[in-house]
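Text of model30.tsv, listed as TSV, C-alpha atoms and all ligand atoms:
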chain	number	residue	atom	x	y	z
L	1	MET	CA	8.11	-185.50	-9.10
L	2	LYS	CA	11.12	-187.78	-9.48
L	3	VAL	CA	14.02	-188.20	-7.12
L	4	GLY	CA	17.02	-189.99	-8.63
L	5	ILE	CA	19.23	-192.04	-6.33
L	6	ILE	CA	22.64	-191.95	-7.92
L	7	GLY	CA	26.09	-192.94	-6.69
L	8	TYR	CA	29.07	-195.17	-7.24
L	9	GLU	CA	28.97	-198.95	-7.12
L	10	GLY	CA	28.21	-200.55	-3.79
L	11	SER	CA	27.33	-197.27	-2.08
L	12	GLY	CA	23.91	-198.64	-1.13
L	13	LYS	CA	21.57	-197.19	-3.75
L	14	THR	CA	19.38	-200.27	-4.11
L	15	THR	CA	19.25	-200.76	-0.34
L	16	ILE	CA	18.11	-197.16	0.14
L	17	PHE	CA	15.61	-197.53	-2.67
L	18	GLY	CA	14.23	-200.53	-0.78
L	19	ALA	CA	14.05	-198.61	2.49
L	20	LEU	CA	12.22	-195.73	0.83
L	21	SER	CA	9.74	-197.93	-0.96
L	22	GLY	CA	9.33	-200.51	1.83
L	23	VAL	CA	10.40	-203.39	-0.40
L	24	ASP	CA	13.11	-205.95	0.34
L	25	PRO	CA	16.22	-204.93	-1.68
L	26	GLU	CA	16.76	-208.58	-2.70
L	27	GLU	CA	13.31	-208.60	-4.22
L	28	LEU	CA	14.01	-205.35	-6.05
L	29	LEU	CA	17.16	-206.82	-7.53
L	30	GLN	CA	15.20	-209.75	-8.86
L	31	LEU	CA	12.48	-207.51	-10.25
L	32	ARG	CA	15.14	-205.20	-11.64
L	33	GLN	CA	12.70	-202.50	-10.74
L	34	GLN	CA	14.05	-199.02	-11.00
L	35	ILE	CA	11.10	-196.72	-10.38
L	36	ARG	CA	8.67	-196.82	-7.49
L	37	GLU	CA	5.95	-194.48	-6.44
L	38	VAL	CA	5.98	-193.80	-2.72
L	39	ARG	CA	3.20	-192.32	-0.64
L	40	VAL	CA	4.06	-189.03	1.03
L	41	PRO	CA	3.22	-189.46	4.70
L	42	ASP	CA	1.09	-186.57	5.99
L	43	SER	CA	-0.54	-186.57	9.41
L	44	ARG	CA	-2.94	-183.82	8.28
L	45	ILE	CA	-4.38	-186.14	5.64
L	46	ASP	CA	-4.69	-188.88	8.28
L	47	ALA	CA	-6.66	-186.52	10.52
L	48	LEU	CA	-8.83	-185.09	7.73
L	49	SER	CA	-9.65	-188.59	6.59
L	50	GLU	CA	-10.78	-189.46	10.09
L	51	MET	CA	-13.01	-186.39	10.11
L	52	TYR	CA	-14.72	-186.96	6.75
L	53	HIS	CA	-14.66	-190.77	6.48
L	54	PRO	CA	-14.39	-190.36	2.71
L	55	LYS	CA	-14.74	-193.19	0.19
L	56	LYS	CA	-11.18	-192.50	-0.91
L	57	THR	CA	-8.16	-191.00	0.79
L	58	ILE	CA	-5.42	-190.05	-1.61
L	59	TYR	CA	-1.96	-189.07	-0.46
L	60	ALA	CA	0.55	-187.21	-2.57
L	61	THR	CA	3.16	-189.44	-4.14
L	62	ILE	CA	6.78	-189.06	-5.02
L	63	GLN	CA	8.76	-191.23	-7.41
L	64	PHE	CA	12.12	-192.67	-6.55
L	65	VAL	CA	14.42	-193.91	-9.27
L	66	ASP	CA	17.29	-196.30	-8.58
L	67	VAL	CA	19.81	-195.33	-11.20
L	68	MET	CA	21.46	-198.72	-11.36
L	69	SER	CA	24.90	-199.75	-12.56
L	70	GLY	CA	27.01	-197.43	-10.46
L	71	ALA	CA	30.57	-197.04	-11.75
L	72	ALA	CA	33.74	-197.26	-9.68
L	73	VAL	CA	34.71	-193.97	-8.04
L	74	GLY	CA	36.38	-191.69	-10.56
L	75	LYS	CA	35.57	-193.97	-13.52
L	76	GLY	CA	33.18	-191.54	-15.17
L	77	LEU	CA	29.47	-191.97	-15.79
L	78	ASP	CA	28.36	-193.62	-19.00
L	79	SER	CA	25.79	-192.03	-21.23
L	80	SER	CA	22.95	-194.39	-20.31
L	81	VAL	CA	23.33	-193.45	-16.65
L	82	LEU	CA	23.57	-189.77	-17.53
L	83	GLY	CA	20.44	-190.15	-19.66
L	84	LYS	CA	18.50	-191.53	-16.71
L	85	ILE	CA	19.76	-188.82	-14.43
L	86	ARG	CA	18.58	-186.11	-16.81
L	87	GLU	CA	14.95	-187.07	-16.22
L	88	VAL	CA	14.89	-186.50	-12.48
L	89	ASP	CA	14.00	-183.35	-10.52
L	90	LEU	CA	16.29	-183.92	-7.55
L	91	LEU	CA	19.64	-185.68	-7.37
L	92	ALA	CA	20.19	-187.76	-4.27
L	93	ILE	CA	23.87	-188.68	-4.32
L	94	CYS	CA	24.42	-191.79	-2.24
L	95	VAL	CA	27.94	-192.22	-0.86
L	96	ARG	CA	29.37	-195.10	1.14
L	97	GLY	CA	30.05	-194.22	4.75
L	98	PHE	CA	30.10	-197.82	6.06
L	99	ASP	CA	32.96	-200.28	6.03
L	100	ASN	CA	32.32	-202.96	3.42
L	101	GLY	CA	35.17	-205.15	4.63
L	102	TYR	CA	37.68	-204.44	1.88
L	103	ALA	CA	37.84	-200.70	1.23
L	104	LYS	CA	37.64	-197.99	3.83
L	105	PRO	CA	34.77	-195.54	3.44
L	106	GLU	CA	35.61	-192.23	1.79
L	107	PRO	CA	32.29	-190.41	1.69
L	108	LYS	CA	33.80	-187.00	1.10
L	109	ARG	CA	35.87	-188.18	-1.86
L	110	GLU	CA	32.89	-189.98	-3.38
L	111	ALA	CA	30.62	-186.96	-3.00
L	112	GLN	CA	33.17	-184.59	-4.46
L	113	ALA	CA	33.90	-186.93	-7.37
L	114	MET	CA	30.21	-187.23	-8.24
L	115	LEU	CA	29.60	-183.50	-7.94
L	116	SER	CA	32.56	-182.85	-10.29
L	117	GLU	CA	31.34	-185.41	-12.80
L	118	LEU	CA	27.94	-183.76	-12.98
L	119	LEU	CA	29.59	-180.39	-13.40
L	120	LEU	CA	31.84	-181.77	-16.13
L	121	SER	CA	28.94	-183.18	-18.05
L	122	ASP	CA	27.33	-179.71	-18.11
L	123	MET	CA	30.63	-178.16	-19.08
L	124	GLU	CA	30.79	-180.39	-22.15
L	125	ILE	CA	27.30	-179.37	-23.24
L	126	VAL	CA	27.93	-175.67	-22.65
L	127	GLU	CA	31.28	-175.69	-24.40
L	128	ARG	CA	29.88	-177.43	-27.42
L	129	LYS	CA	27.21	-174.74	-27.60
L	130	VAL	CA	29.74	-171.94	-27.20
L	131	THR	CA	31.75	-173.35	-30.11
L	132	ARG	CA	28.63	-173.71	-32.26
L	133	MET	CA	27.53	-170.18	-31.44
L	134	GLN	CA	30.41	-168.80	-33.46
L	135	LYS	CA	28.92	-170.27	-36.64
L	136	GLU	CA	25.19	-170.33	-35.88
L	137	LYS	CA	22.92	-167.32	-35.79
L	138	VAL	CA	22.23	-166.89	-32.10
L	139	SER	CA	20.65	-163.93	-30.31
L	140	ASP	CA	22.94	-161.71	-28.24
L	141	GLN	CA	20.93	-162.69	-25.22
L	142	GLU	CA	21.55	-166.39	-25.73
L	143	LYS	CA	25.22	-165.79	-26.45
L	144	ALA	CA	25.63	-163.83	-23.23
L	145	LEU	CA	23.82	-166.53	-21.28
L	146	PHE	CA	26.05	-169.37	-22.45
L	147	LEU	CA	29.20	-167.38	-21.85
L	148	LYS	CA	27.95	-166.70	-18.33
L	149	LEU	CA	27.31	-170.43	-17.81
L	150	GLN	CA	30.73	-171.31	-19.11
L	151	ALA	CA	32.43	-168.90	-16.72
L	152	ALA	CA	30.38	-170.21	-13.80
L	153	LEU	CA	31.17	-173.85	-14.52
L	154	GLU	CA	34.84	-173.06	-14.89
L	155	ALA	CA	34.67	-171.56	-11.41
L	156	GLU	CA	32.94	-174.79	-10.27
L	157	THR	CA	29.69	-173.00	-9.52
L	158	TRP	CA	26.54	-175.13	-9.57
L	159	LEU	CA	24.29	-173.45	-12.20
L	160	LYS	CA	21.30	-173.64	-9.88
L	161	ASP	CA	23.08	-171.12	-7.64
L	162	LEU	CA	23.45	-168.52	-10.39
L	163	GLY	CA	20.00	-167.08	-9.78
L	164	LEU	CA	19.01	-167.31	-13.46
L	165	ASP	CA	15.75	-165.57	-14.31
L	166	LYS	CA	12.72	-167.20	-15.87
L	167	ASN	CA	13.62	-166.06	-19.34
L	168	GLU	CA	17.10	-167.56	-19.06
L	169	LEU	CA	15.75	-170.81	-17.66
L	170	ASP	CA	13.30	-171.02	-20.56
L	171	MET	CA	16.19	-170.70	-23.01
L	172	LEU	CA	17.93	-173.62	-21.28
L	173	ARG	CA	14.95	-175.92	-21.16
L	174	GLY	CA	16.06	-178.23	-23.97
L	175	TYR	CA	19.58	-178.73	-22.64
L	176	GLN	CA	18.71	-180.74	-19.50
L	177	LEU	CA	21.66	-179.46	-17.57
L	178	MET	CA	22.50	-181.48	-14.45
L	179	THR	CA	23.63	-178.66	-12.22
L	180	LEU	CA	20.35	-176.81	-12.63
L	181	LYS	CA	18.89	-179.54	-10.43
L	182	PRO	CA	19.13	-179.41	-6.65
L	183	ALA	CA	21.44	-182.04	-5.18
L	184	LEU	CA	21.44	-183.73	-1.81
L	185	VAL	CA	24.21	-185.99	-0.51
L	186	ILE	CA	23.12	-189.10	1.38
L	187	VAL	CA	25.83	-190.61	3.54
L	188	ASN	CA	25.06	-194.27	4.05
L	189	VAL	CA	26.61	-195.15	7.41
L	190	ASP	CA	26.75	-198.07	9.83
L	191	GLU	CA	24.21	-198.55	12.55
L	192	SER	CA	26.62	-197.04	15.10
L	193	GLN	CA	26.59	-193.63	13.41
L	194	VAL	CA	22.93	-192.95	12.87
L	195	ASP	CA	22.12	-191.18	16.14
L	196	GLU	CA	21.77	-187.42	15.81
L	197	LYS	CA	25.12	-186.56	17.37
L	198	SER	CA	27.23	-188.92	15.24
L	199	ALA	CA	25.24	-188.01	12.14
L	200	GLY	CA	25.98	-184.33	12.79
L	201	GLU	CA	29.70	-185.10	12.96
L	202	VAL	CA	29.59	-187.08	9.72
L	203	VAL	CA	27.99	-184.11	7.95
L	204	SER	CA	30.43	-181.55	9.32
L	205	GLN	CA	33.39	-183.71	8.25
L	206	LEU	CA	32.04	-183.72	4.72
L	207	GLY	CA	32.42	-179.96	4.50
L	208	LEU	CA	30.36	-179.71	1.32
L	209	ASN	CA	28.29	-176.71	0.35
L	210	CYS	CA	25.32	-178.84	-0.50
L	211	PRO	CA	22.80	-180.31	1.96
L	212	ALA	CA	23.71	-183.71	3.38
L	213	PHE	CA	21.64	-186.35	5.01
L	214	VAL	CA	22.82	-189.32	7.08
L	215	LEU	CA	21.12	-192.69	7.22
L	216	SER	CA	21.90	-196.36	7.43
L	217	ALA	CA	20.31	-197.99	4.43
L	218	ARG	CA	20.61	-201.46	5.89
L	219	VAL	CA	18.92	-200.52	9.17
L	220	GLU	CA	16.25	-198.48	7.43
L	221	SER	CA	15.42	-201.20	4.95
L	222	GLU	CA	14.96	-203.66	7.83
L	223	ILE	CA	12.78	-201.16	9.72
L	224	ALA	CA	10.73	-200.39	6.62
L	225	GLN	CA	9.61	-204.00	6.52
L	226	LEU	CA	8.33	-204.04	10.10
L	227	PRO	CA	4.68	-203.33	10.87
L	228	GLU	CA	4.25	-199.56	11.11
L	229	ALA	CA	3.30	-199.74	14.77
L	230	ASP	CA	6.69	-201.27	15.69
L	231	GLN	CA	8.83	-198.94	13.64
L	232	ALA	CA	8.83	-195.98	16.03
L	233	GLU	CA	10.24	-198.01	18.91
L	234	PHE	CA	13.14	-199.37	16.87
L	235	LEU	CA	13.98	-195.90	15.62
L	236	LYS	CA	13.91	-194.51	19.14
L	237	ASP	CA	16.37	-197.16	20.35
L	238	LEU	CA	18.76	-196.07	17.63
L	239	GLY	CA	18.38	-192.36	18.44
L	240	ILE	CA	16.54	-191.55	15.21
L	241	THR	CA	13.43	-189.37	15.32
L	242	ALA	CA	11.72	-190.41	12.08
L	243	THR	CA	12.13	-192.98	9.31
L	244	ALA	CA	14.48	-192.23	6.45
L	245	ARG	CA	11.44	-192.15	4.22
L	246	GLU	CA	9.83	-189.36	6.22
L	247	ARG	CA	13.04	-187.38	6.63
L	248	PHE	CA	14.03	-187.85	3.03
L	249	ILE	CA	10.66	-186.83	1.64
L	250	ARG	CA	10.51	-183.79	3.92
L	251	GLU	CA	13.95	-182.69	2.74
L	252	SER	CA	13.02	-183.31	-0.90
L	253	TYR	CA	9.93	-181.13	-0.56
L	254	ARG	CA	12.02	-178.40	1.02
L	255	MET	CA	14.70	-178.55	-1.66
L	256	LEU	CA	12.21	-178.57	-4.50
L	257	ASP	CA	10.14	-175.78	-2.91
L	258	LEU	CA	7.04	-177.93	-2.82
L	259	ILE	CA	3.98	-177.54	-0.62
L	260	SER	CA	0.74	-179.47	-0.22
L	261	PHE	CA	-2.82	-178.28	-0.34
L	262	PHE	CA	-5.88	-180.41	0.25
L	263	THR	CA	-9.35	-180.99	-1.09
L	264	VAL	CA	-11.89	-182.56	1.27
L	265	GLY	CA	-15.35	-184.06	1.07
L	266	GLU	CA	-17.33	-187.20	1.65
L	267	ASP	CA	-16.13	-188.70	-1.61
L	268	GLU	CA	-12.49	-187.94	-1.30
L	269	VAL	CA	-9.85	-186.42	0.93
L	270	ARG	CA	-6.81	-185.70	-1.13
L	271	ALA	CA	-3.39	-184.05	-1.04
L	272	TRP	CA	-2.04	-182.10	-4.00
L	273	THR	CA	1.50	-180.95	-4.50
L	274	VAL	CA	2.41	-177.57	-5.97
L	275	ARG	CA	5.45	-175.32	-6.05
L	276	LYS	CA	5.66	-172.72	-3.32
L	277	GLY	CA	4.36	-169.42	-4.71
L	278	SER	CA	1.68	-171.03	-6.89
L	279	THR	CA	-1.53	-169.04	-7.19
L	280	ALA	CA	-4.99	-170.39	-6.41
L	281	GLN	CA	-5.61	-170.56	-10.15
L	282	GLU	CA	-2.44	-172.57	-10.77
L	283	SER	CA	-3.35	-174.84	-7.87
L	284	ALA	CA	-6.79	-175.37	-9.40
L	285	GLY	CA	-5.03	-176.42	-12.60
L	286	LYS	CA	-3.35	-179.24	-10.70
L	287	ILE	CA	-6.78	-180.71	-10.05
L	288	HIS	CA	-8.09	-180.14	-13.55
L	289	THR	CA	-7.12	-177.78	-16.37
L	290	ASP	CA	-10.79	-176.75	-16.75
L	291	LEU	CA	-10.90	-175.58	-13.16
L	292	ALA	CA	-8.01	-173.22	-13.86
L	293	LYS	CA	-9.42	-172.04	-17.17
L	294	HIS	CA	-12.86	-171.22	-15.81
L	295	PHE	CA	-11.75	-170.28	-12.30
L	296	ILE	CA	-14.15	-168.06	-10.38
L	297	ARG	CA	-12.83	-168.17	-6.83
L	298	ALA	CA	-11.44	-170.47	-4.19
L	299	GLU	CA	-13.12	-171.13	-0.89
L	300	LYS	CA	-10.36	-171.54	1.63
L	301	MET	CA	-9.78	-172.64	5.17
L	302	THR	CA	-6.59	-173.95	6.69
L	303	SER	CA	-6.31	-177.57	7.74
L	304	ALA	CA	-4.95	-176.34	11.08
L	305	ASP	CA	-8.14	-174.31	11.73
L	306	LEU	CA	-10.43	-177.08	10.60
L	307	LEU	CA	-8.70	-179.72	12.69
L	308	ALA	CA	-8.58	-177.43	15.73
L	309	LEU	CA	-12.20	-176.27	15.48
L	310	GLY	CA	-13.63	-179.63	14.46
L	311	SER	CA	-16.02	-178.75	11.64
L	312	GLU	CA	-16.50	-176.51	8.60
L	313	ALA	CA	-19.40	-174.83	10.38
L	314	ALA	CA	-17.19	-173.95	13.33
L	315	VAL	CA	-14.53	-172.55	10.99
L	316	LYS	CA	-17.17	-170.34	9.32
L	317	GLU	CA	-18.51	-169.21	12.68
L	318	ALA	CA	-15.01	-168.21	13.76
L	319	GLY	CA	-14.72	-166.08	10.61
L	320	LYS	CA	-11.86	-168.18	9.31
L	321	PHE	CA	-13.47	-169.34	6.10
L	322	LYS	CA	-12.27	-167.11	3.25
L	323	LEU	CA	-13.02	-166.44	-0.40
L	324	GLU	CA	-9.87	-165.97	-2.42
L	325	GLY	CA	-9.31	-164.70	-5.97
L	326	LYS	CA	-7.18	-166.29	-8.65
L	327	GLY	CA	-4.05	-164.42	-7.60
L	328	TYR	CA	-4.12	-165.73	-4.03
L	329	ILE	CA	-0.87	-167.52	-3.18
L	330	THR	CA	-1.63	-171.01	-1.94
L	331	GLU	CA	-0.08	-171.84	1.44
L	332	ASP	CA	1.06	-175.21	2.70
L	333	GLY	CA	-1.86	-176.87	4.49
L	334	ASP	CA	-4.65	-174.88	2.80
L	335	ILE	CA	-7.92	-176.64	2.10
L	336	LEU	CA	-9.31	-175.32	-1.16
L	337	HIS	CA	-12.65	-175.71	-2.80
L	338	ILE	CA	-12.47	-174.33	-6.31
L	339	ARG	CA	-15.54	-172.64	-7.77
L	340	ALA	CA	-15.39	-172.64	-11.56
L	341	ASN	CA	-17.70	-172.03	-14.49
L	342	VAL	CA	-17.81	-175.62	-15.69
U	1	LIG	N1	27.10	-202.45	6.72
U	1	LIG	C1	26.27	-201.90	5.86
U	1	LIG	N2	26.15	-202.45	4.63
U	1	LIG	C2	25.33	-201.91	3.74
U	1	LIG	C3	24.58	-200.75	4.05
U	1	LIG	N3	23.85	-200.42	2.97
U	1	LIG	C4	24.15	-201.32	2.00
U	1	LIG	N4	25.03	-202.23	2.47
U	1	LIG	C5	25.58	-203.37	1.74
U	1	LIG	O1	26.42	-202.92	0.70
U	1	LIG	C6	26.27	-203.74	-0.45
U	1	LIG	C7	25.90	-202.88	-1.66
U	1	LIG	O2	24.62	-202.32	-1.46
U	1	LIG	P1	23.66	-201.98	-2.69
U	1	LIG	O3	22.45	-201.35	-2.12
U	1	LIG	O4	23.49	-203.15	-3.55
U	1	LIG	O5	24.56	-200.90	-3.42
U	1	LIG	P2	24.31	-200.22	-4.85
U	1	LIG	O6	24.77	-198.82	-4.73
U	1	LIG	O7	22.91	-200.45	-5.28
U	1	LIG	O8	25.34	-201.03	-5.75
U	1	LIG	P3	25.38	-201.10	-7.36
U	1	LIG	O9	23.97	-201.23	-7.86
U	1	LIG	O10	26.21	-202.30	-7.62
U	1	LIG	O11	26.05	-199.86	-7.84
U	1	LIG	C8	25.20	-204.77	-0.11
U	1	LIG	O12	25.85	-205.94	0.28
U	1	LIG	C9	24.47	-204.15	1.04
U	1	LIG	O13	23.89	-205.11	1.89
U	1	LIG	C10	24.69	-200.20	5.37
U	1	LIG	O14	24.05	-199.19	5.73
U	1	LIG	N5	25.56	-200.81	6.21
U	2	MG	MG	22.14	-201.34	-7.03
Just give me the structure of the file as structure tokens.
Ligand SMILES: Nc1nc2c(ncn2[C@@H]2O[C@H](COP(=O)(O)OP(=O)(O)OP(=O)(O)O)[C@@H](O)[C@H]2O)c(=O)[nH]1
Ligand SMILES: [Mg+2]
Amino acid sequence: MKVGIIGYEGSGKTTIFGALSGVDPEELLQLRQQIREVRVPDSRIDALSEMYHPKKTIYATIQFVDVMSGAAVGKGLDSSVLGKIREVDLLAICVRGFDNGYAKPEPKREAQAMLSELLLSDMEIVERKVTRMQKEKVSDQEKALFLKLQAALEAETWLKDLGLDKNELDMLRGYQLMTLKPALVIVNVDESQVDEKSAGEVVSQLGLNCPAFVLSARVESEIAQLPEADQAEFLKDLGITATARERFIRESYRMLDLISFFTVGEDEVRAWTVRKGSTAQESAGKIHTDLAKHFIRAEKMTSADLLALGSEAAVKEAGKFKLEGKGYITEDGDILHIRANV
């Protein structure tokens, strides 16, 4: 899964990227590194690892992309930036909420401008298709779909909010439309505005109908470079409950409808990420396609039960160890052991 950090010049994208990946932004600039894989913190994996003492503990990961070369507000996005944005699953729109000494912050204007640019870029694609449709042989279904998209975009509706069905989404797969992706606005503020109360005010002043998230990239990138044991205290002093990395990843999971399930054993304790609503068979396919193909059943317990009761034997004794079929819907925190004919 890829989260793209986009935004206008000087809004703090690279600094945030550094805070999320725990690397000094100066160093990132030198490396000109644009993609980093970040470990998804999960206290359940920590605890399971302590229980099994496995040879390997593998956390889920999430990729962050610093979409460099931000343009000036309102200048338009060039095609190389748009191309990079098309590849991501979630758009994190970084806007400047701190004073940079020469221009006052206008987070609302920046967010609105970026949201409109993304919408415009979809509008261009859809309109081109609508024009082509008059000459090409296109099914009635496809025609109706693109006219519906055109009307929605004209009304400034984000296509993700149209509730398109699976069939419609399949038809759109090749078009890589921006507004089919979820978007999150990150307001990058000064240290004085990061406590929960001020952050709440910043968000309500934005008045956007898309989720917003407040952080101070500079503070967070400094904190991210401290030893983990010292981080909590610094955050507490600033009135923040968790690091930007934790909050950001949690929000990304929520927006992308992702959940984690686990596999455990003496060799390996591991987290896997699937979409909410995935079946046991689909979850098995995350581990290995053969496990999905030759799926027999899943042995399941919840990590909450296992951690509370202390051992697999105790979970079985309590009658909380279950056998599930391929249609079982995997829940966040499940521990699965897939039985397959391989
Ligand atoms: N005061 C303050 N300054 C910040 C904050 N975040 C970033 N800056 C500063 O703002 C400047 C721009 O930050 P960058 O992270 O380079 O911004 P960017 O969006 O990557 O910029 P471009 O790549 O040029 O588009 C740097 O001098 C940062 O140190 C913050 O939270 N507070
Ligand atoms: Mg940058």
| Long-range neighbours of Ile329 (chain L) as a count of residues only, 12 Å cut-off, all atoms listed in the file, 6 positions minimum in chain | 16
| request: Within 8 Å of Val203 (chain L), counting only C-alpha atoms, which residues show up once you throw out same-chain ones fewer than 2 positions away? Write them as an NGL selection string, please. | output: :L and (199-201 or 205-207 or 212-214)
| note | Residue with the minimum atom-to-atom distance to ligand MG 2 (chain U), picked from L:Ser192, L:Ser11, L:Thr241, L:Asn209 with only C-alpha atoms and all ligand atoms counted, is L:Ser11
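With only C-alpha atoms as the atoms that count, the residue of L:Leu90, L:Ala292, L:Pro227, L:Leu48 with the shortest distance to Glu251 (chain L) is L:Leu90.
For region 97-110 of chain L, the non-local neighbours within 9 Å, defined as residues at least 6 positions apart in the same chain or in other chains and counting all atoms listed in the file, are Gly7, Tyr8, Gly10, Ser11, Val73, Gly74, Val187, Asn188, Val189, Asp190, Glu191, Val202, Gln205, Leu206, Gly207, Leu208 and Ser216 of chain L.
Distances here use only C-alpha atoms and all ligand atoms; by that measure, the residue among L:Gly18, L:Gly333, L:Gly163, L:Gly239 closest to ligand LIG 1 (chain U) is L:Gly18.
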Axis-aligned box over every listed atom of region 85-88 of chain L, padded by 4 Å per side: centre and edges in Å to one decimal, as JSON?
{"center_x": 17.3, "center_y": -187.5, "center_z": -14.6, "size_x": 12.9, "size_y": 10.7, "size_z": 12.3}
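Distance-wise, CA of Ser116 (chain L) and atom O11 of ligand LIG 1 (chain U) end up 18.4 Å apart.
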Residues of chain L at most 9 Å from ligand MG 2 (chain U): nearest atom pair and distance in Å, all atoms listed in the file, as a tab-separated table:
residue	atom	partner	partner_atom	distance
L:Glu9	CA	U:MG2	MG	7.2
L:Gly10	CA	U:MG2	MG	6.9
L:Ser11	CA	U:MG2	MG	8.2
L:Gly12	CA	U:MG2	MG	6.7
L:Lys13	CA	U:MG2	MG	5.3
L:Thr14	CA	U:MG2	MG	4.2
L:Thr15	CA	U:MG2	MG	7.3
L:Phe17	CA	U:MG2	MG	8.7
L:Pro25	CA	U:MG2	MG	8.7
L:Leu29	CA	U:MG2	MG	7.4
L:Asp66	CA	U:MG2	MG	7.2
L:Val67	CA	U:MG2	MG	7.7
L:Met68	CA	U:MG2	MG	5.1
L:Ser69	CA	U:MG2	MG	6.4
L:Gly70	CA	U:MG2	MG	7.1
Residues within 12 Å of Thr273 (chain L), please, as a tab-separated table (two decimals) with C-alpha atoms, in the frame of the given file. Count all atoms listed in the file; anything in the same chain fewer than 5 positions from it doesn't count.
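Saved to selection_28.tsv:
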chain	number	residue	atom	x	y	z
L	1	MET	CA	8.11	-185.50	-9.10
L	40	VAL	CA	4.06	-189.03	1.03
L	42	ASP	CA	1.09	-186.57	5.99
L	58	ILE	CA	-5.42	-190.05	-1.61
L	59	TYR	CA	-1.96	-189.07	-0.46
L	60	ALA	CA	0.55	-187.21	-2.57
L	61	THR	CA	3.16	-189.44	-4.14
L	62	ILE	CA	6.78	-189.06	-5.02
L	253	TYR	CA	9.93	-181.13	-0.56
L	256	LEU	CA	12.21	-178.57	-4.50
L	257	ASP	CA	10.14	-175.78	-2.91
L	258	LEU	CA	7.04	-177.93	-2.82
L	259	ILE	CA	3.98	-177.54	-0.62
L	260	SER	CA	0.74	-179.47	-0.22
L	261	PHE	CA	-2.82	-178.28	-0.34
L	262	PHE	CA	-5.88	-180.41	0.25
L	263	THR	CA	-9.35	-180.99	-1.09
L	278	SER	CA	1.68	-171.03	-6.89
L	282	GLU	CA	-2.44	-172.57	-10.77
L	283	SER	CA	-3.35	-174.84	-7.87
L	284	ALA	CA	-6.79	-175.37	-9.40
L	285	GLY	CA	-5.03	-176.42	-12.60
L	286	LYS	CA	-3.35	-179.24	-10.70
L	287	ILE	CA	-6.78	-180.71	-10.05
L	330	THR	CA	-1.63	-171.01	-1.94
L	331	GLU	CA	-0.08	-171.84	1.44
L	332	ASP	CA	1.06	-175.21	2.70
L	333	GLY	CA	-1.86	-176.87	4.49
L	334	ASP	CA	-4.65	-174.88	2.80
| task | Please provide the set of residues having any atom within 12 Å of Asp237 (chain L), restricted to all atoms listed in the file, with same-chain residues fewer than 4 positions apart removed, written as an NGL selection string. | result | :L and (191-192 or 194-195 or 219 or 223 or 230-233 or 241-242)
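CA of Glu142 (chain L) to CA of Leu91 (chain L) spans 26.7 Å [interatomic distance, one decimal].
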| field | Which of L:Val138, L:Val95, L:Ala308, L:Val126 sits closest to ligand LIG 1 (chain U) [using only C-alpha atoms and all ligand atoms] | value | L:Val95
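One distance worth recording is that between CA of Arg128 (chain L) and CA of Glu87 (chain L), which is 21.0 Å.
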